[in-house]
>>> print(open('start01.txt').read())   # compact mmCIF, C-alpha atoms
# COMPACT_ATOMS: atom_id res chain seq x y z
CA MET A 344 15.84 69.93 -23.59
CA THR A 345 16.39 73.52 -22.42
CA GLU A 346 20.02 74.43 -21.78
CA ILE A 347 20.60 76.28 -18.52
CA HIS A 348 23.18 78.98 -17.85
CA PRO A 349 24.39 80.66 -14.64
CA ILE A 350 22.40 83.64 -13.44
CA ALA A 351 25.08 84.53 -10.86
CA HIS A 352 28.32 83.42 -9.22
CA PHE A 353 29.07 82.94 -5.55
CA ARG A 354 31.82 84.74 -3.64
CA SER A 355 33.17 82.67 -0.77
CA PRO A 356 36.16 82.53 1.64
CA PHE A 357 37.13 79.17 0.06
CA GLY A 358 39.46 79.24 -2.93
CA SER A 359 39.17 75.45 -3.42
CA LYS A 360 36.68 72.77 -2.45
CA PHE A 361 38.96 71.33 0.27
CA GLY A 362 37.66 72.30 3.70
CA ILE A 363 34.22 73.50 2.65
CA PRO A 364 31.56 72.26 5.12
CA LYS A 365 29.80 69.17 3.78
CA GLN A 366 26.36 70.80 4.15
CA SER A 367 24.99 74.31 4.34
CA GLY A 368 24.21 75.57 7.84
CA LEU A 369 26.95 73.60 9.61
CA VAL A 370 28.89 76.85 10.01
CA LYS A 371 26.00 79.24 10.49
CA ASN A 372 27.97 82.50 10.20
CA MET A 373 30.03 81.56 7.14
CA PRO A 374 29.89 84.75 5.01
CA GLY A 375 29.32 84.80 1.28
CA HIS A 376 27.60 86.85 -1.37
CA ILE A 377 25.94 86.41 -4.73
CA VAL A 378 26.98 88.54 -7.71
CA PHE A 379 24.59 88.41 -10.67
CA GLU A 380 25.46 88.16 -14.34
CA PRO A 381 24.86 91.46 -16.19
CA ALA A 382 21.54 90.29 -17.69
CA TYR A 383 20.09 89.77 -14.20
CA ARG A 384 21.44 92.84 -12.38
CA SER A 385 17.99 94.26 -11.88
CA LYS A 386 16.31 95.43 -8.69
CA ASP A 387 13.03 94.23 -10.19
CA ALA A 388 14.34 90.65 -10.28
CA LEU A 389 14.84 90.79 -6.49
CA ARG A 390 11.70 92.71 -5.59
CA GLY A 391 10.34 91.26 -2.33
CA ILE A 392 13.29 88.93 -1.64
CA ASP A 393 14.38 90.86 1.46
CA LYS A 394 11.16 89.80 3.21
CA PHE A 395 12.44 86.19 3.42
CA ASP A 396 14.88 84.87 6.04
CA PHE A 397 16.26 81.94 4.01
CA LEU A 398 16.89 81.15 0.35
CA TRP A 399 17.43 78.01 -1.70
CA LEU A 400 20.41 78.11 -4.05
CA ILE A 401 20.60 75.75 -7.02
CA TRP A 402 24.17 75.57 -8.25
CA HIS A 403 26.84 73.60 -10.09
CA PHE A 404 29.61 71.41 -8.62
CA SER A 405 32.01 73.22 -10.94
CA ALA A 406 35.20 71.94 -9.25
CA ASN A 407 34.43 68.31 -10.22
CA LYS A 408 36.55 67.76 -13.31
CA HIS A 409 35.58 64.14 -14.00
CA THR A 410 32.24 62.77 -15.19
CA PRO A 411 30.67 60.52 -12.51
CA ASN A 412 30.82 56.88 -13.60
CA SER A 413 28.99 55.17 -10.74
CA LEU A 414 25.48 55.29 -9.27
CA VAL A 415 26.76 54.35 -5.81
CA VAL A 416 28.86 56.64 -3.61
CA ARG A 417 30.64 56.55 -0.24
CA PRO A 418 29.19 59.29 2.04
CA PRO A 419 31.87 60.94 4.23
CA LEU A 420 29.48 60.86 7.19
CA LEU A 421 29.73 57.05 7.11
CA GLY A 422 33.52 57.17 7.15
CA GLY A 423 33.95 56.73 3.42
CA ASN A 424 33.42 52.97 3.65
CA ALA A 425 29.70 52.19 3.31
CA LYS A 426 28.12 52.52 -0.12
CA MET A 427 24.80 54.25 -0.77
CA GLY A 428 22.83 55.03 -3.92
CA VAL A 429 23.74 58.44 -5.28
CA PHE A 430 20.10 59.59 -5.09
CA ALA A 431 19.99 58.65 -1.38
CA THR A 432 22.87 61.05 -0.65
CA ARG A 433 24.00 64.62 -1.23
CA SER A 434 27.23 63.52 -2.88
CA PRO A 435 28.73 66.07 -5.31
CA PHE A 436 29.41 63.25 -7.79
CA ARG A 437 26.01 63.22 -9.46
CA PRO A 438 24.77 62.70 -13.03
CA ASN A 439 23.98 66.40 -13.55
CA GLY A 440 26.33 67.90 -10.94
CA LEU A 441 23.65 70.05 -9.30
CA GLY A 442 23.89 71.29 -5.72
CA LEU A 443 21.09 72.52 -3.45
CA SER A 444 21.76 74.70 -0.40
CA SER A 445 19.60 76.52 2.12
CA VAL A 446 21.27 79.77 3.24
CA LYS A 447 20.31 82.61 5.55
CA LEU A 448 19.69 85.94 3.82
CA GLU A 449 21.72 88.51 5.72
CA GLN A 450 21.07 91.58 3.57
CA VAL A 451 20.63 92.84 0.01
CA GLU A 452 23.10 95.51 -1.05
CA TRP A 453 21.00 97.26 -3.66
CA ASP A 454 23.44 99.75 -5.20
CA THR A 455 26.92 98.44 -6.10
CA ASN A 456 29.10 98.49 -9.21
CA ASP A 457 27.86 94.91 -9.82
CA GLY A 458 24.19 95.76 -9.38
CA PRO A 459 22.21 94.32 -6.45
CA VAL A 460 24.30 91.88 -4.39
CA ILE A 461 22.81 89.32 -1.98
CA HIS A 462 24.77 88.66 1.22
CA VAL A 463 24.12 85.29 2.86
CA LEU A 464 25.34 83.19 5.79
CA GLY A 465 25.96 79.47 6.18
CA ALA A 466 26.68 78.51 2.57
CA ASP A 467 28.75 75.49 1.52
CA LEU A 468 29.92 76.87 -1.83
CA MET A 469 33.38 77.48 -3.25
CA ASN A 470 34.41 80.89 -4.52
CA GLY A 471 33.29 81.31 -8.12
CA THR A 472 30.56 78.64 -8.01
CA PRO A 473 27.96 79.15 -10.78
CA ILE A 474 24.41 79.62 -9.49
CA PHE A 475 21.57 78.53 -11.75
CA ASP A 476 18.58 79.68 -9.67
CA ILE A 477 17.50 81.25 -6.38
CA LYS A 478 14.19 80.53 -4.67
CA PRO A 479 12.77 81.64 -1.31
CA TYR A 480 12.60 79.16 1.55
CA ILE A 481 8.92 78.85 2.55
CA THR A 482 8.25 77.40 5.98
CA TYR A 483 4.84 75.81 5.36
CA ALA A 484 6.11 73.93 2.30
CA ASP A 485 9.79 73.33 3.04
CA CYS A 486 9.77 72.43 6.75
CA HIS A 487 8.60 68.91 7.63
CA GLU A 488 8.70 68.32 11.39
CA GLY A 489 9.60 64.80 12.48
CA ALA A 490 10.77 63.71 9.01
CA ARG A 491 13.24 60.81 8.84
CA SER A 492 16.74 61.45 7.52
CA GLY A 493 17.92 57.94 6.67
CA PHE A 494 21.48 57.06 7.64
CA VAL A 495 22.02 60.64 8.85
CA ASP A 496 19.73 59.95 11.83
CA ARG A 497 22.02 57.10 12.91
CA THR A 498 25.34 58.92 12.49
CA ALA A 499 26.26 61.88 14.66
CA ILE A 500 28.45 64.67 13.29
CA THR A 501 31.65 64.73 15.34
CA ARG A 502 33.83 67.80 15.85
CA LEU A 503 37.54 68.09 16.59
CA GLU A 504 39.19 70.24 19.23
CA VAL A 505 40.98 73.11 17.47
CA SER A 506 44.14 74.93 18.55
CA ILE A 507 45.30 78.05 16.72
CA PRO A 508 48.46 79.57 18.25
CA GLN A 509 48.35 83.31 18.93
CA PRO A 510 50.68 84.40 16.07
CA PHE A 511 48.33 82.76 13.55
CA GLN A 512 45.22 84.15 15.22
CA ALA A 513 46.51 87.63 14.40
CA CYS A 514 46.14 86.85 10.67
CA PHE A 515 42.34 87.02 10.94
CA SER A 516 39.65 89.32 12.25
CA PRO A 517 37.69 88.05 15.29
CA ASN A 518 34.75 87.00 13.09
CA GLU A 519 37.02 85.29 10.56
CA LEU A 520 38.83 83.47 13.36
CA GLN A 521 35.58 82.19 14.85
CA THR A 522 34.42 80.97 11.45
CA LEU A 523 37.77 79.30 10.75
CA CYS A 524 37.61 77.45 14.09
CA GLU A 525 34.14 76.13 13.26
CA VAL A 526 35.27 75.00 9.81
CA LEU A 527 38.37 73.21 11.14
CA ALA A 528 36.35 71.53 13.90
CA LEU A 529 34.36 69.73 11.18
CA ASP A 530 37.63 67.99 10.13
CA PRO A 531 38.39 68.98 6.51
CA ARG A 532 40.54 65.89 5.90
CA PRO A 533 39.36 63.11 3.59
CA HIS A 534 37.75 60.51 5.83
CA TYR A 535 40.11 57.79 4.65
CA GLN A 536 43.18 59.72 5.87
CA ASP A 537 44.31 59.59 9.50
CA ASN A 538 48.03 60.33 9.49
CA PRO A 539 49.06 62.50 12.47
CA LEU A 540 52.31 63.46 10.68
CA LYS A 541 50.68 64.77 7.50
CA VAL A 542 50.37 68.53 7.09
CA TYR A 543 47.19 69.60 5.31
CA GLY A 544 46.57 72.94 3.60
CA MET A 545 43.23 74.71 3.23
CA SER A 546 42.47 77.90 1.31
CA PHE A 547 40.54 80.34 3.50
CA MET A 548 40.18 84.13 3.20
CA ASP A 549 43.02 84.32 0.63
CA LYS A 550 45.33 82.46 2.99
CA ASP A 551 46.70 78.93 3.04
CA VAL A 552 45.92 77.51 6.49
CA ARG A 553 48.14 74.53 7.28
CA PHE A 554 47.33 72.09 10.05
CA VAL A 555 47.91 68.66 11.54
CA VAL A 556 45.55 66.38 13.46
CA SER A 557 46.84 64.25 16.33
CA SER A 558 45.75 60.68 17.01
CA GLU A 559 43.74 62.07 19.94
CA GLY A 560 41.69 64.33 17.66
CA LEU A 561 43.39 67.68 18.32
CA LEU A 562 43.69 69.83 15.21
CA THR A 563 46.57 72.32 15.44
CA VAL A 564 47.29 75.09 12.95
CA VAL A 565 51.04 75.06 12.19
CA ASP A 566 51.27 77.84 9.60
CA VAL A 567 49.27 80.54 7.79
CA VAL A 568 50.59 81.76 4.44
CA GLN A 569 49.23 84.68 2.43
CA VAL A 570 48.21 83.42 -1.03
>>> encode(input="start01.txt", output="C-alpha cells")
Amino acid sequence: MTEIHPIAHFRSPFGSKFGIPKQSGLVKNMPGHIVFEPAYRSKDALRGIDKFDFLWLIWHFSANKHTPNSLVVRPPLLGGNAKMGVFATRSPFRPNGLGLSSVKLEQVEWDTNDGPVIHVLGADLMNGTPIFDIKPYITYADCHEGARSGFVDRTAITRLEVSIPQPFQACFSPNELQTLCEVLALDPRPHYQDNPLKVYGMSFMDKDVRFVVSSEGLLTVVDVVQV
C-alpha cells in the first residue's frame, strides 16, 4: 500500500478544533490559506487552478489523538444521542482519519516567500491541518440536484442569538467580527452540555474568546484574551 504524505498545511483562524464549524460552507466567508510543502511550491503544479471557483481538499483529522474503536458514532446534528454508522456520517472519528471539504477559491498569491499560496473561504479546518490532496470542484460531476441527504434532510441546523459587548468588538476587525458572530451562532459547545453557568473558551484569530449560553439560547461573549 502506498504511504501518503502532506503536500501542504492549512492556515486557519482556529488554534484548536473547538468551535470549528461542523461542515465547510456553514460560515461562507471564513478565511484561510494553503501553504505548500517545499517539494510542491511550483507554479506549474497550480497551472489553471485559478479558473475554478471551488476546490476539494482532502486532509487529515490531525487533532484526534486516539485511534477510533467503534464503527458507530453519535452525529452532533442529532443531539449526540442517536447512533449512526460511521460511513453514513462525516464524523472525524474514522478508520483512516480523512476529511473532505469543499471550499471557495478566493485567489492565488503566486509570489510569496512560501511559493504560491492559495487563499480560500468557508473551510472547516484547524490551523496546521495537513492536506493530502487538492482537486477542482466540477459542477457537472460533483453537483447532484435533488439528491437525498439522509438524516440531514430531517434535522434543521439551528443558530443561536449572539451578543458581543462593544469593548470586545473592538478586539476584531469588522470582517473578523462578522465571521466570529457566524461561528458562535452555530453553537460551538458539545451537544451534550447545556449549563448556562459554564464559561467556554474558543481560540479564534490568536485570541481566547470566552462565552456563556443562557437557557433561552442567547450566547454572550464575556471576555476576549490575547493568546
>>> atom_distance(input="start01.txt", atom1="CA of Met373 in chain A", atom2="CA of Pro517 in chain A")
12.9 Å
>>> closest_atom_pairs(input="start01.txt", of="range 493-561 of chain A", to="range 468-482 of chain A", cutoff="12 Å", atoms="all atoms listed in the file", output="Markdown table")
| residue | atom | partner | partner_atom | distance |
| --- | --- | --- | --- | --- |
| A:Ser546 | CA | A:Met469 | CA | 10.2 |
| A:Phe547 | CA | A:Asn470 | CA | 10.1 |
| A:Met548 | CA | A:Asn470 | CA | 10.2 |
| A:Asp549 | CA | A:Asn470 | CA | 10.6 |
>>> closest_residue(input="start01.txt", among="A:Ala382, A:Ser516, A:Val564, A:Leu529", to="Val542 in chain A", atoms="only C-alpha atoms")
A:Val564
>>> atom_distance(input="start01.txt", atom1="CA of Ile500 in chain A", atom2="CA of Val552 in chain A")
22.7 Å
>>> closest_residue(input="start01.txt", among="A:His376, A:Lys550, A:His348, A:Lys365", to="Pro418 in chain A", atoms="all atoms listed in the file")
A:Lys365
>>> residues_around(input="start01.txt", residues="Trp453 in chain A", least_positions_apart="5", cutoff="12 Å", atoms="all atoms listed in the file", output="list in words")
Ile377, Val378, Phe379, Arg384, Ser385, Lys386, Asp387, Ala388, Leu389, Arg390, Ile392, Asp393, Gly458, Pro459, Val460, Ile461 and His462 of chain A
>>> closest_residue(input="start01.txt", among="A:Asp566, A:Asp530, A:Leu443, A:Pro349", to="Arg502 in chain A", atoms="all atoms listed in the file")
A:Asp530
>>> closest_residue(input="start01.txt", among="A:Ser444, A:Ser434, A:Asn407, A:Phe361", to="Tyr543 in chain A", atoms="all atoms listed in the file")
A:Phe361
>>> closest_residue(input="start01.txt", among="A:Ser367, A:Gln569, A:Ser445, A:Asn456", to="Asp485 in chain A", atoms="only C-alpha atoms")
A:Ser445
>>> residues_around(input="start01.txt", residues="Asp396 in chain A", least_positions_apart="5", cutoff="8 Å", atoms="all atoms listed in the file", output="PDB file with C-alpha atoms, in the coordinates of the input")
ATOM      1  CA  LYS A 447      20.310  82.610   5.550  1.00  0.00           C
ATOM      2  CA  LEU A 448      19.690  85.940   3.820  1.00  0.00           C
ATOM      3  CA  GLU A 449      21.720  88.510   5.720  1.00  0.00           C
ATOM      4  CA  TYR A 480      12.600  79.160   1.550  1.00  0.00           C
TER       5      TYR A 480
END
>>> atom_distance(input="start01.txt", atom1="CA of Val565 in chain A", atom2="CA of Gly362 in chain A")
16.1 Å
>>> residues_around(input="start01.txt", residues="Pro508 in chain A", least_positions_apart="5", cutoff="12 Å", atoms="only C-alpha atoms", output="list in words")
Ala513, Cys514, Leu520, Cys524, Phe554, Leu562, Thr563, Val564, Val565, Asp566 and Val567 of chain A
>>> closest_residue(input="start01.txt", among="A:Lys360, A:Arg417, A:Arg491, A:Lys371", to="Gly465 in chain A", atoms="all atoms listed in the file")
A:Lys371
>>> residues_near_point(input="start01.txt", point="(22.3, 53.7, -9.7)", cutoff="12 Å", atoms="all atoms listed in the file", output="tab-separated table (two decimals) with C-alpha atoms, in the coordinates of the input")
chain	number	residue	atom	x	y	z
A	411	PRO	CA	30.67	60.52	-12.51
A	412	ASN	CA	30.82	56.88	-13.60
A	413	SER	CA	28.99	55.17	-10.74
A	414	LEU	CA	25.48	55.29	-9.27
A	415	VAL	CA	26.76	54.35	-5.81
A	416	VAL	CA	28.86	56.64	-3.61
A	426	LYS	CA	28.12	52.52	-0.12
A	427	MET	CA	24.80	54.25	-0.77
A	428	GLY	CA	22.83	55.03	-3.92
A	429	VAL	CA	23.74	58.44	-5.28
A	430	PHE	CA	20.10	59.59	-5.09
A	431	ALA	CA	19.99	58.65	-1.38
A	432	THR	CA	22.87	61.05	-0.65
A	437	ARG	CA	26.01	63.22	-9.46
A	438	PRO	CA	24.77	62.70	-13.03
>>> residues_near_point(input="start01.txt", point="(29.8, 86.2, 9.6)", cutoff="9 Å", atoms="only C-alpha atoms", output="number ranges by chain")
A: 371-375, 463-465, 518-519, 521-522
>>> build_atoms(input="start01.txt", residues="range 490-513 of chain A", atoms="N, CA, C and O atoms", output="PDB file, in the frame of the given file")
ATOM      1  N   ALA A 490      10.418  64.503  10.196  1.00  0.00           N
ATOM      2  CA  ALA A 490      10.770  63.710   9.010  1.00  0.00           C
ATOM      3  C   ALA A 490      12.023  62.878   9.273  1.00  0.00           C
ATOM      4  O   ALA A 490      12.944  63.307   9.970  1.00  0.00           O
ATOM      5  N   ARG A 491      12.065  61.666   8.717  1.00  0.00           N
ATOM      6  CA  ARG A 491      13.240  60.810   8.840  1.00  0.00           C
ATOM      7  C   ARG A 491      14.352  61.304   7.919  1.00  0.00           C
ATOM      8  O   ARG A 491      14.093  61.861   6.864  1.00  0.00           O
ATOM      9  N   SER A 492      15.597  61.042   8.320  1.00  0.00           N
ATOM     10  CA  SER A 492      16.740  61.450   7.520  1.00  0.00           C
ATOM     11  C   SER A 492      17.693  60.287   7.238  1.00  0.00           C
ATOM     12  O   SER A 492      18.916  60.458   7.178  1.00  0.00           O
ATOM     13  N   GLY A 493      17.136  59.088   7.090  1.00  0.00           N
ATOM     14  CA  GLY A 493      17.920  57.940   6.670  1.00  0.00           C
ATOM     15  C   GLY A 493      19.133  57.681   7.538  1.00  0.00           C
ATOM     16  O   GLY A 493      19.070  57.772   8.770  1.00  0.00           O
ATOM     17  N   PHE A 494      20.268  57.390   6.891  1.00  0.00           N
ATOM     18  CA  PHE A 494      21.480  57.060   7.640  1.00  0.00           C
ATOM     19  C   PHE A 494      22.000  58.245   8.451  1.00  0.00           C
ATOM     20  O   PHE A 494      22.761  58.065   9.400  1.00  0.00           O
ATOM     21  N   VAL A 495      21.578  59.468   8.101  1.00  0.00           N
ATOM     22  CA  VAL A 495      22.020  60.640   8.850  1.00  0.00           C
ATOM     23  C   VAL A 495      21.502  60.595  10.290  1.00  0.00           C
ATOM     24  O   VAL A 495      22.179  61.039  11.228  1.00  0.00           O
ATOM     25  N   ASP A 496      20.303  60.043  10.487  1.00  0.00           N
ATOM     26  CA  ASP A 496      19.730  59.950  11.830  1.00  0.00           C
ATOM     27  C   ASP A 496      20.564  59.041  12.738  1.00  0.00           C
ATOM     28  O   ASP A 496      20.555  59.186  13.958  1.00  0.00           O
ATOM     29  N   ARG A 497      21.276  58.089  12.137  1.00  0.00           N
ATOM     30  CA  ARG A 497      22.020  57.100  12.910  1.00  0.00           C
ATOM     31  C   ARG A 497      23.489  57.466  13.090  1.00  0.00           C
ATOM     32  O   ARG A 497      24.229  56.740  13.754  1.00  0.00           O
ATOM     33  N   THR A 498      23.914  58.584  12.493  1.00  0.00           N
ATOM     34  CA  THR A 498      25.340  58.920  12.490  1.00  0.00           C
ATOM     35  C   THR A 498      25.526  60.362  12.938  1.00  0.00           C
ATOM     36  O   THR A 498      25.184  61.298  12.199  1.00  0.00           O
ATOM     37  N   ALA A 499      26.067  60.529  14.123  1.00  0.00           N
ATOM     38  CA  ALA A 499      26.260  61.880  14.660  1.00  0.00           C
ATOM     39  C   ALA A 499      27.444  62.562  13.994  1.00  0.00           C
ATOM     40  O   ALA A 499      28.439  61.924  13.636  1.00  0.00           O
ATOM     41  N   ILE A 500      27.328  63.875  13.797  1.00  0.00           N
ATOM     42  CA  ILE A 500      28.450  64.670  13.290  1.00  0.00           C
ATOM     43  C   ILE A 500      29.406  64.925  14.445  1.00  0.00           C
ATOM     44  O   ILE A 500      29.007  65.453  15.490  1.00  0.00           O
ATOM     45  N   THR A 501      30.655  64.524  14.293  1.00  0.00           N
ATOM     46  CA  THR A 501      31.650  64.730  15.340  1.00  0.00           C
ATOM     47  C   THR A 501      32.491  65.965  15.008  1.00  0.00           C
ATOM     48  O   THR A 501      32.680  66.312  13.841  1.00  0.00           O
ATOM     49  N   ARG A 502      33.001  66.610  16.045  1.00  0.00           N
ATOM     50  CA  ARG A 502      33.830  67.800  15.850  1.00  0.00           C
ATOM     51  C   ARG A 502      35.146  67.653  16.604  1.00  0.00           C
ATOM     52  O   ARG A 502      35.180  67.086  17.708  1.00  0.00           O
ATOM     53  N   LEU A 503      36.213  68.151  16.000  1.00  0.00           N
ATOM     54  CA  LEU A 503      37.540  68.090  16.590  1.00  0.00           C
ATOM     55  C   LEU A 503      37.756  69.280  17.533  1.00  0.00           C
ATOM     56  O   LEU A 503      37.111  70.319  17.407  1.00  0.00           O
ATOM     57  N   GLU A 504      38.695  69.108  18.459  1.00  0.00           N
ATOM     58  CA  GLU A 504      39.190  70.240  19.230  1.00  0.00           C
ATOM     59  C   GLU A 504      40.200  70.979  18.361  1.00  0.00           C
ATOM     60  O   GLU A 504      41.015  70.365  17.674  1.00  0.00           O
ATOM     61  N   VAL A 505      40.137  72.314  18.359  1.00  0.00           N
ATOM     62  CA  VAL A 505      40.980  73.110  17.470  1.00  0.00           C
ATOM     63  C   VAL A 505      41.886  74.023  18.291  1.00  0.00           C
ATOM     64  O   VAL A 505      41.436  74.690  19.228  1.00  0.00           O
ATOM     65  N   SER A 506      43.176  74.040  17.919  1.00  0.00           N
ATOM     66  CA  SER A 506      44.140  74.930  18.550  1.00  0.00           C
ATOM     67  C   SER A 506      44.802  75.801  17.487  1.00  0.00           C
ATOM     68  O   SER A 506      45.403  75.279  16.535  1.00  0.00           O
ATOM     69  N   ILE A 507      44.657  77.114  17.633  1.00  0.00           N
ATOM     70  CA  ILE A 507      45.300  78.050  16.720  1.00  0.00           C
ATOM     71  C   ILE A 507      46.216  78.941  17.553  1.00  0.00           C
ATOM     72  O   ILE A 507      45.741  79.787  18.320  1.00  0.00           O
ATOM     73  N   PRO A 508      47.528  78.753  17.460  1.00  0.00           N
ATOM     74  CA  PRO A 508      48.460  79.570  18.250  1.00  0.00           C
ATOM     75  C   PRO A 508      48.272  81.064  17.985  1.00  0.00           C
ATOM     76  O   PRO A 508      47.867  81.479  16.886  1.00  0.00           O
ATOM     77  N   GLN A 509      48.595  81.873  18.969  1.00  0.00           N
ATOM     78  CA  GLN A 509      48.350  83.310  18.930  1.00  0.00           C
ATOM     79  C   GLN A 509      48.929  83.997  17.684  1.00  0.00           C
ATOM     80  O   GLN A 509      48.236  84.823  17.063  1.00  0.00           O
ATOM     81  N   PRO A 510      50.164  83.695  17.264  1.00  0.00           N
ATOM     82  CA  PRO A 510      50.680  84.400  16.070  1.00  0.00           C
ATOM     83  C   PRO A 510      49.814  84.191  14.834  1.00  0.00           C
ATOM     84  O   PRO A 510      49.712  85.092  13.991  1.00  0.00           O
ATOM     85  N   PHE A 511      49.187  83.034  14.705  1.00  0.00           N
ATOM     86  CA  PHE A 511      48.330  82.760  13.550  1.00  0.00           C
ATOM     87  C   PHE A 511      46.940  83.360  13.724  1.00  0.00           C
ATOM     88  O   PHE A 511      46.283  83.705  12.742  1.00  0.00           O
ATOM     89  N   GLN A 512      46.504  83.504  14.968  1.00  0.00           N
ATOM     90  CA  GLN A 512      45.220  84.150  15.220  1.00  0.00           C
ATOM     91  C   GLN A 512      45.226  85.587  14.712  1.00  0.00           C
ATOM     92  O   GLN A 512      44.213  86.102  14.222  1.00  0.00           O
ATOM     93  N   ALA A 513      46.395  86.229  14.800  1.00  0.00           N
ATOM     94  CA  ALA A 513      46.510  87.630  14.400  1.00  0.00           C
ATOM     95  C   ALA A 513      46.328  87.829  12.903  1.00  0.00           C
ATOM     96  O   ALA A 513      46.176  88.977  12.447  1.00  0.00           O
TER      97      ALA A 513
END
